[in-house]
Amino acid sequence: MAVVALPPPPHDPSGPTDPPTRPRHRVVVLALDGVLPFELGIPQRILGRARTADGHLPYEVVTCSVRPPGPVRAEADFSVLVENGPEALATADTVVVPASYELGPVYERGVLTGALAAALALIRPGTRLVSICTGGYVLAAAGWLDGRPATTHWSSAEHFQRLFPRVRVDPDVLFIDDGDVLTSAGVAAGIDLCLHLVRRDHGAAVANDVARRTVVPPHRDGGQAQYVERPVPEPALSTTAAARSWALTRLHEPLRLRDLADRESMSVRTFTRRFREEVGISPGQWLVQQRVQRARHLLESSDLSIEQVADASGFGTAQSMRQHLQTALGVTPTAYRRTFRIRNAGP
């Protein structure tokens with residue numbers, strides 16, 4: 001089989017209630033032979049079911065293959081009937097590549113087959129690119145991850161890095177948002193990434209709504225380091241869950257590491273080590289994440305002033321909150337509120 005290296009591109013059952021002329025963001029999911037059915041369904045389940053406060057369904061999700069319409073072998077005892085050929089990629093605003101267990105030369109040598117390269121060449125410049133799990137191999141083989149941070153399933157991270165040395169692989173996170181290219185860790189991390197897309201595009205309220213209806217957490221703590229196989233702790237050992245629950249009800253208060261450790265009757269050193277093992281990040285990083293989430297919710301859903309939101313979120317000052325939101329989201333609190341209060345407003 002001929003292989004080709006693609007040159008880097010330029011840089012509820014209810015149905016839509018939208019007026020026919022209201023634009024929708026078109027998401028095209030590329031189903032390759034050996035596709036994992038679970039991951040193939042994530043974009044439709046999360047993006048396809050997202051809806052704004054006025055009932056608008058902002059995404060249109062379609063599936064395509066690299067061949068003319070027809071069956072695509074799944075990593076299961078069935079095939080998926082895909083009704084769109086590769087030409088659908090030319091219509092996409094976002095392209096999602098789920099994992100496949102039949103990537104062949106892409107996985108073995110980091111090169112694209114002729115059919116896959118031809119299909120990817122149809123993607124328009126400026127299209128947002130997303131991979132789930134080892135779907136990142138396809139983006140990397142196309143040259144779209146060169147010089148960028150990216151992630152994949154933790155068990156493939158070392159192989160991925162050896163195969164694509166120009167990619168900055170982070171094996172510890174659930175997903176990486178690098179603007180127009182986003183990659184996720186293994187399997188269910190695709191849910192986290194798709195929820196992040198909804199949150200980024202339409203705000204936390206819309207993402208939280210689809211997460212509740214899907215019965216998944218709108219935001220998971222930590223990274224995939226917590227899922228790497230390690231010895232099971234003795235049953236008698238305590239966890240840090242109670243301290244985390246306690247902290248979530250007191251985010252507006254100053255919280256010291258010593259306070260959290262005392263809730264579990266542990267030394268600070270033991271608590272910090274146990275916390276990292278369970279959550280994948282430090283207690284301080286986790287607290288900042290939770291406070292950012294609280295601030296986003298209040299900015300979207302309340303009329304509190306910026307100073308009041310900072311106080312209620314535990315940042316203390318508007319300047320501190322501004323710095324943390326700028327780092328986490330790339331925008332100021334005022335800009336975030338202006339964007340998402342308008343988008344989530346009803347008619």
# chains A, B, ... in the order shown; residues from 1 in each chain; ligands from 1
$ residues_around --residues "stretch 193-197 of chain A" --least-positions-apart "4" --cutoff "10 Å" --atoms "only C-alpha atoms" --output "VMD selection string"
chain A and resid 42 to 47 50 96 130 to 132 174 to 177 182 to 185 188 to 189 201 to 204 206 to 208 210 to 211 216 to 219
$ atom_distance --atom1 "atom CA of A:Asp33" --atom2 "atom CA of A:Asp146"
25.1 Å
$ residues_around --residues "stretch 23-31 of chain A" --least-positions-apart "3" --cutoff "9 Å" --atoms "only C-alpha atoms" --output "JSON, numbers by chain"
{"A": [18, 19, 20, 34, 35, 36, 40, 43, 44, 47, 48, 56, 57, 58, 59, 60, 61, 62, 63, 64, 65, 66, 72, 74, 80, 82, 86, 88, 89, 91, 92, 93, 94, 95, 96, 97, 98, 99, 100]}
$ write_last_selection --atoms "C-alpha atoms" --output "compact mmCIF listing (two decimals), in the first residue's frame"
# COMPACT_ATOMS: atom_id res chain seq x y z
CA ASP A 18 -33.82 26.97 15.35
CA PRO A 19 -35.03 29.11 12.47
CA PRO A 20 -33.73 27.66 9.18
CA GLY A 34 -11.04 -0.20 13.42
CA VAL A 35 -12.75 2.80 15.02
CA LEU A 36 -13.73 2.46 18.66
CA LEU A 40 -17.03 7.54 17.65
CA PRO A 43 -19.06 14.05 19.57
CA GLN A 44 -22.71 13.37 18.73
CA LEU A 47 -21.75 18.37 20.86
CA GLY A 48 -24.85 17.16 19.05
CA HIS A 56 -30.66 26.70 19.85
CA LEU A 57 -28.66 23.58 18.89
CA PRO A 58 -25.34 25.19 17.97
CA TYR A 59 -23.63 22.13 16.45
CA GLU A 60 -24.44 19.94 13.49
CA VAL A 61 -22.54 16.64 13.77
CA VAL A 62 -22.02 14.32 10.78
CA THR A 63 -19.80 11.28 10.27
CA CYS A 64 -17.71 10.46 7.22
CA SER A 65 -15.11 7.95 6.05
CA VAL A 66 -12.16 8.10 3.66
CA VAL A 72 -16.68 0.99 8.19
CA ALA A 74 -15.53 -1.03 14.07
CA VAL A 80 -20.88 1.15 11.12
CA VAL A 82 -21.35 5.75 7.30
CA PRO A 86 -14.46 12.20 2.46
CA ALA A 88 -17.78 16.03 3.95
CA LEU A 89 -14.42 17.07 5.41
CA THR A 91 -17.58 21.37 4.76
CA ALA A 92 -16.31 21.12 8.36
CA ASP A 93 -15.79 23.90 10.86
CA THR A 94 -14.35 21.30 13.24
CA VAL A 95 -12.95 17.86 12.33
CA VAL A 96 -12.82 15.16 15.03
CA VAL A 97 -10.64 12.04 14.62
CA PRO A 98 -11.52 9.27 17.12
CA ALA A 99 -9.13 6.41 17.87
CA SER A 100 -8.79 3.38 15.62
$ residues_around --residues "A:Arg322" --least-positions-apart "5" --cutoff "9 Å" --atoms "only C-alpha atoms" --output "list in words"
Ala310, Thr317, Thr327, Val331, Thr332, Pro333 and Thr334 of chain A
$ write_last_selection --atoms "N, CA and C atoms" --output "mmCIF file, in the first residue's frame"
data_model
loop_
_atom_site.group_PDB
_atom_site.id
_atom_site.type_symbol
_atom_site.label_atom_id
_atom_site.label_comp_id
_atom_site.auth_asym_id
_atom_site.auth_seq_id
_atom_site.Cartn_x
_atom_site.Cartn_y
_atom_site.Cartn_z
ATOM 1 N N ALA A 310 -14.823 37.874 42.668
ATOM 2 C CA ALA A 310 -13.488 37.505 43.153
ATOM 3 C C ALA A 310 -13.539 37.078 44.609
ATOM 4 N N THR A 317 -9.046 39.332 45.614
ATOM 5 C CA THR A 317 -9.066 40.619 44.916
ATOM 6 C C THR A 317 -9.397 40.409 43.441
ATOM 7 N N THR A 327 -4.638 33.438 32.872
ATOM 8 C CA THR A 327 -3.774 32.266 32.705
ATOM 9 C C THR A 327 -4.563 31.050 32.250
ATOM 10 N N VAL A 331 -8.548 35.208 28.841
ATOM 11 C CA VAL A 331 -9.381 36.410 28.783
ATOM 12 C C VAL A 331 -9.530 36.996 30.177
ATOM 13 N N THR A 332 -9.928 38.253 30.240
ATOM 14 C CA THR A 332 -10.184 38.901 31.517
ATOM 15 C C THR A 332 -11.588 38.542 32.002
ATOM 16 N N PRO A 333 -11.874 38.708 33.300
ATOM 17 C CA PRO A 333 -13.235 38.455 33.787
ATOM 18 C C PRO A 333 -14.290 39.275 33.058
ATOM 19 N N THR A 334 -13.991 40.543 32.773
ATOM 20 C CA THR A 334 -14.962 41.391 32.078
ATOM 21 C C THR A 334 -15.245 40.865 30.676
#
$ closest_residue --among "A:Leu122, A:Ile191, A:Val111, A:Cys133" --to "A:Leu163" --atoms "only C-alpha atoms"
A:Val111
$ atom_distance --atom1 "atom CA of A:Gly110" --atom2 "atom CA of A:Ser156"
13.3 Å
$ residues_around --residues "A:Leu298" --least-positions-apart "4" --cutoff "12 Å" --atoms "only C-alpha atoms" --output "PyMOL selection string"
chain A and resi 203-205+291-294+302-313+333-334+336-337+340-341
$ write_last_selection --atoms "N, CA and C atoms" --output "PDB file, in the first residue's frame"
ATOM      1  N   GLY A 203     -19.882  28.637  26.805  1.00  0.00           N
ATOM      2  CA  GLY A 203     -19.926  28.924  28.223  1.00  0.00           C
ATOM      3  C   GLY A 203     -20.237  27.730  29.100  1.00  0.00           C
ATOM      4  N   ALA A 204     -19.988  27.900  30.405  1.00  0.00           N
ATOM      5  CA  ALA A 204     -20.121  26.809  31.360  1.00  0.00           C
ATOM      6  C   ALA A 204     -21.561  26.343  31.527  1.00  0.00           C
ATOM      7  N   ALA A 205     -22.520  27.263  31.422  1.00  0.00           N
ATOM      8  CA  ALA A 205     -23.917  26.871  31.640  1.00  0.00           C
ATOM      9  C   ALA A 205     -24.376  25.862  30.593  1.00  0.00           C
ATOM     10  N   ARG A 291     -11.685  27.282  41.929  1.00  0.00           N
ATOM     11  CA  ARG A 291     -12.038  28.695  42.062  1.00  0.00           C
ATOM     12  C   ARG A 291     -12.285  29.338  40.700  1.00  0.00           C
ATOM     13  N   VAL A 292     -11.529  28.920  39.711  1.00  0.00           N
ATOM     14  CA  VAL A 292     -11.782  29.412  38.354  1.00  0.00           C
ATOM     15  C   VAL A 292     -13.159  28.959  37.883  1.00  0.00           C
ATOM     16  N   GLN A 293     -13.505  27.695  38.159  1.00  0.00           N
ATOM     17  CA  GLN A 293     -14.822  27.200  37.779  1.00  0.00           C
ATOM     18  C   GLN A 293     -15.934  27.980  38.482  1.00  0.00           C
ATOM     19  N   ARG A 294     -15.762  28.261  39.766  1.00  0.00           N
ATOM     20  CA  ARG A 294     -16.751  29.038  40.525  1.00  0.00           C
ATOM     21  C   ARG A 294     -16.877  30.438  39.932  1.00  0.00           C
ATOM     22  N   SER A 302     -24.693  35.465  37.399  1.00  0.00           N
ATOM     23  CA  SER A 302     -25.077  36.423  38.442  1.00  0.00           C
ATOM     24  C   SER A 302     -24.800  37.848  37.989  1.00  0.00           C
ATOM     25  N   ASP A 303     -25.341  38.807  38.755  1.00  0.00           N
ATOM     26  CA  ASP A 303     -25.093  40.225  38.511  1.00  0.00           C
ATOM     27  C   ASP A 303     -24.077  40.786  39.503  1.00  0.00           C
ATOM     28  N   LEU A 304     -23.351  39.907  40.198  1.00  0.00           N
ATOM     29  CA  LEU A 304     -22.332  40.366  41.138  1.00  0.00           C
ATOM     30  C   LEU A 304     -21.262  41.161  40.400  1.00  0.00           C
ATOM     31  N   SER A 305     -20.704  42.143  41.071  1.00  0.00           N
ATOM     32  CA  SER A 305     -19.609  42.899  40.479  1.00  0.00           C
ATOM     33  C   SER A 305     -18.373  42.005  40.371  1.00  0.00           C
ATOM     34  N   ILE A 306     -17.379  42.448  39.595  1.00  0.00           N
ATOM     35  CA  ILE A 306     -16.146  41.677  39.452  1.00  0.00           C
ATOM     36  C   ILE A 306     -15.487  41.483  40.814  1.00  0.00           C
ATOM     37  N   GLU A 307     -15.509  42.507  41.637  1.00  0.00           N
ATOM     38  CA  GLU A 307     -14.914  42.407  42.975  1.00  0.00           C
ATOM     39  C   GLU A 307     -15.675  41.391  43.828  1.00  0.00           C
ATOM     40  N   GLN A 308     -17.002  41.383  43.736  1.00  0.00           N
ATOM     41  CA  GLN A 308     -17.798  40.432  44.513  1.00  0.00           C
ATOM     42  C   GLN A 308     -17.584  38.997  44.031  1.00  0.00           C
ATOM     43  N   VAL A 309     -17.450  38.813  42.722  1.00  0.00           N
ATOM     44  CA  VAL A 309     -17.170  37.477  42.191  1.00  0.00           C
ATOM     45  C   VAL A 309     -15.810  36.993  42.679  1.00  0.00           C
ATOM     46  N   ALA A 310     -14.823  37.874  42.668  1.00  0.00           N
ATOM     47  CA  ALA A 310     -13.488  37.505  43.153  1.00  0.00           C
ATOM     48  C   ALA A 310     -13.539  37.078  44.609  1.00  0.00           C
ATOM     49  N   ASP A 311     -14.301  37.807  45.415  1.00  0.00           N
ATOM     50  CA  ASP A 311     -14.415  37.473  46.832  1.00  0.00           C
ATOM     51  C   ASP A 311     -15.153  36.150  47.030  1.00  0.00           C
ATOM     52  N   ALA A 312     -16.258  35.946  46.298  1.00  0.00           N
ATOM     53  CA  ALA A 312     -17.055  34.730  46.446  1.00  0.00           C
ATOM     54  C   ALA A 312     -16.321  33.498  45.935  1.00  0.00           C
ATOM     55  N   SER A 313     -15.360  33.701  45.038  1.00  0.00           N
ATOM     56  CA  SER A 313     -14.611  32.577  44.475  1.00  0.00           C
ATOM     57  C   SER A 313     -13.343  32.262  45.258  1.00  0.00           C
ATOM     58  N   PRO A 333     -11.874  38.708  33.300  1.00  0.00           N
ATOM     59  CA  PRO A 333     -13.235  38.455  33.787  1.00  0.00           C
ATOM     60  C   PRO A 333     -14.290  39.275  33.058  1.00  0.00           C
ATOM     61  N   THR A 334     -13.991  40.543  32.773  1.00  0.00           N
ATOM     62  CA  THR A 334     -14.962  41.391  32.078  1.00  0.00           C
ATOM     63  C   THR A 334     -15.245  40.865  30.676  1.00  0.00           C
ATOM     64  N   TYR A 336     -14.834  37.791  29.616  1.00  0.00           N
ATOM     65  CA  TYR A 336     -15.527  36.506  29.722  1.00  0.00           C
ATOM     66  C   TYR A 336     -17.018  36.729  29.964  1.00  0.00           C
ATOM     67  N   ARG A 337     -17.341  37.621  30.889  1.00  0.00           N
ATOM     68  CA  ARG A 337     -18.758  37.887  31.189  1.00  0.00           C
ATOM     69  C   ARG A 337     -19.456  38.477  29.970  1.00  0.00           C
ATOM     70  N   PHE A 340     -20.067  35.470  27.424  1.00  0.00           N
ATOM     71  CA  PHE A 340     -20.940  34.353  27.751  1.00  0.00           C
ATOM     72  C   PHE A 340     -22.269  34.760  28.357  1.00  0.00           C
ATOM     73  N   ARG A 341     -22.368  35.924  28.955  1.00  0.00           N
ATOM     74  CA  ARG A 341     -23.695  36.376  29.393  1.00  0.00           C
ATOM     75  C   ARG A 341     -24.565  36.664  28.189  1.00  0.00           C
TER      76      ARG A 341
END
$ closest_residue --among "A:Thr113, A:Gln289, A:Gln319, A:Thr152" --to "A:Leu251" --atoms "only C-alpha atoms"
A:Gln289
$ select_by_dssp --residues "stretch 144-346 of chain A" --states "strand (DSSP E or B)" --output "ChimeraX atom specification"
/A:149-150,168-169,175-177,181-184
$ write_last_selection --atoms "N, CA and C atoms" --output "compact mmCIF listing (two decimals), in the first residue's frame"
# COMPACT_ATOMS: atom_id res chain seq x y z
N PRO A 149 2.08 21.36 21.70
CA PRO A 149 1.81 20.42 22.79
C PRO A 149 0.65 19.52 22.41
N ALA A 150 0.70 18.26 22.82
CA ALA A 150 -0.37 17.31 22.50
C ALA A 150 -0.35 16.19 23.53
N ARG A 168 5.37 18.02 21.26
CA ARG A 168 5.65 18.15 22.69
C ARG A 168 4.57 17.37 23.45
N VAL A 169 4.84 16.12 23.73
CA VAL A 169 3.84 15.22 24.31
C VAL A 169 3.77 15.40 25.82
N PHE A 175 -6.67 16.48 28.44
CA PHE A 175 -6.72 17.04 27.09
C PHE A 175 -5.85 18.29 27.04
N ILE A 176 -5.53 18.68 25.82
CA ILE A 176 -4.75 19.91 25.60
C ILE A 176 -5.48 20.76 24.55
N ASP A 177 -5.69 22.01 24.89
CA ASP A 177 -6.29 22.98 23.99
C ASP A 177 -5.17 23.89 23.50
N VAL A 181 -6.03 23.46 17.40
CA VAL A 181 -5.76 22.02 17.44
C VAL A 181 -5.88 21.55 18.89
N LEU A 182 -6.74 20.55 19.10
CA LEU A 182 -6.97 20.04 20.45
C LEU A 182 -6.83 18.52 20.43
N THR A 183 -6.19 17.98 21.47
CA THR A 183 -5.99 16.54 21.57
C THR A 183 -6.42 16.07 22.95
N SER A 184 -6.89 14.81 23.02
CA SER A 184 -7.32 14.29 24.32
C SER A 184 -6.62 12.98 24.63
$ residues_around --residues "A:Gly284" --least-positions-apart "3" --cutoff "10 Å" --atoms "only C-alpha atoms" --output "PyMOL selection string"
chain A and resi 255-257+272+281+287-289
$ write_last_selection --atoms "N, CA and C atoms" --output "mmCIF file, in the first residue's frame"
data_model
loop_
_atom_site.group_PDB
_atom_site.id
_atom_site.type_symbol
_atom_site.label_atom_id
_atom_site.label_comp_id
_atom_site.auth_asym_id
_atom_site.auth_seq_id
_atom_site.Cartn_x
_atom_site.Cartn_y
_atom_site.Cartn_z
ATOM 1 N N LEU A 255 -7.969 29.029 52.371
ATOM 2 C CA LEU A 255 -7.777 27.611 52.684
ATOM 3 C C LEU A 255 -6.290 27.287 52.620
ATOM 4 N N ARG A 256 -5.768 26.831 53.736
ATOM 5 C CA ARG A 256 -4.363 26.452 53.782
ATOM 6 C C ARG A 256 -4.236 24.950 53.576
ATOM 7 N N LEU A 257 -3.081 24.536 53.113
ATOM 8 C CA LEU A 257 -2.817 23.115 52.949
ATOM 9 C C LEU A 257 -2.962 22.385 54.281
ATOM 10 N N THR A 272 -0.307 15.669 50.824
ATOM 11 C CA THR A 272 0.078 16.140 49.493
ATOM 12 C C THR A 272 0.400 14.968 48.577
ATOM 13 N N ILE A 281 -2.842 16.153 40.379
ATOM 14 C CA ILE A 281 -2.238 17.477 40.492
ATOM 15 C C ILE A 281 -2.100 17.817 41.966
ATOM 16 N N LEU A 287 -7.195 23.654 43.894
ATOM 17 C CA LEU A 287 -7.979 24.759 44.450
ATOM 18 C C LEU A 287 -8.140 25.882 43.426
ATOM 19 N N VAL A 288 -7.078 26.186 42.697
ATOM 20 C CA VAL A 288 -7.178 27.227 41.676
ATOM 21 C C VAL A 288 -8.182 26.815 40.600
ATOM 22 N N GLN A 289 -8.135 25.549 40.172
ATOM 23 C CA GLN A 289 -9.092 25.062 39.172
ATOM 24 C C GLN A 289 -10.527 25.243 39.657
#
$ atom_distance --atom1 "atom CA of A:Ser267" --atom2 "atom CA of A:Ala241"
15.6 Å
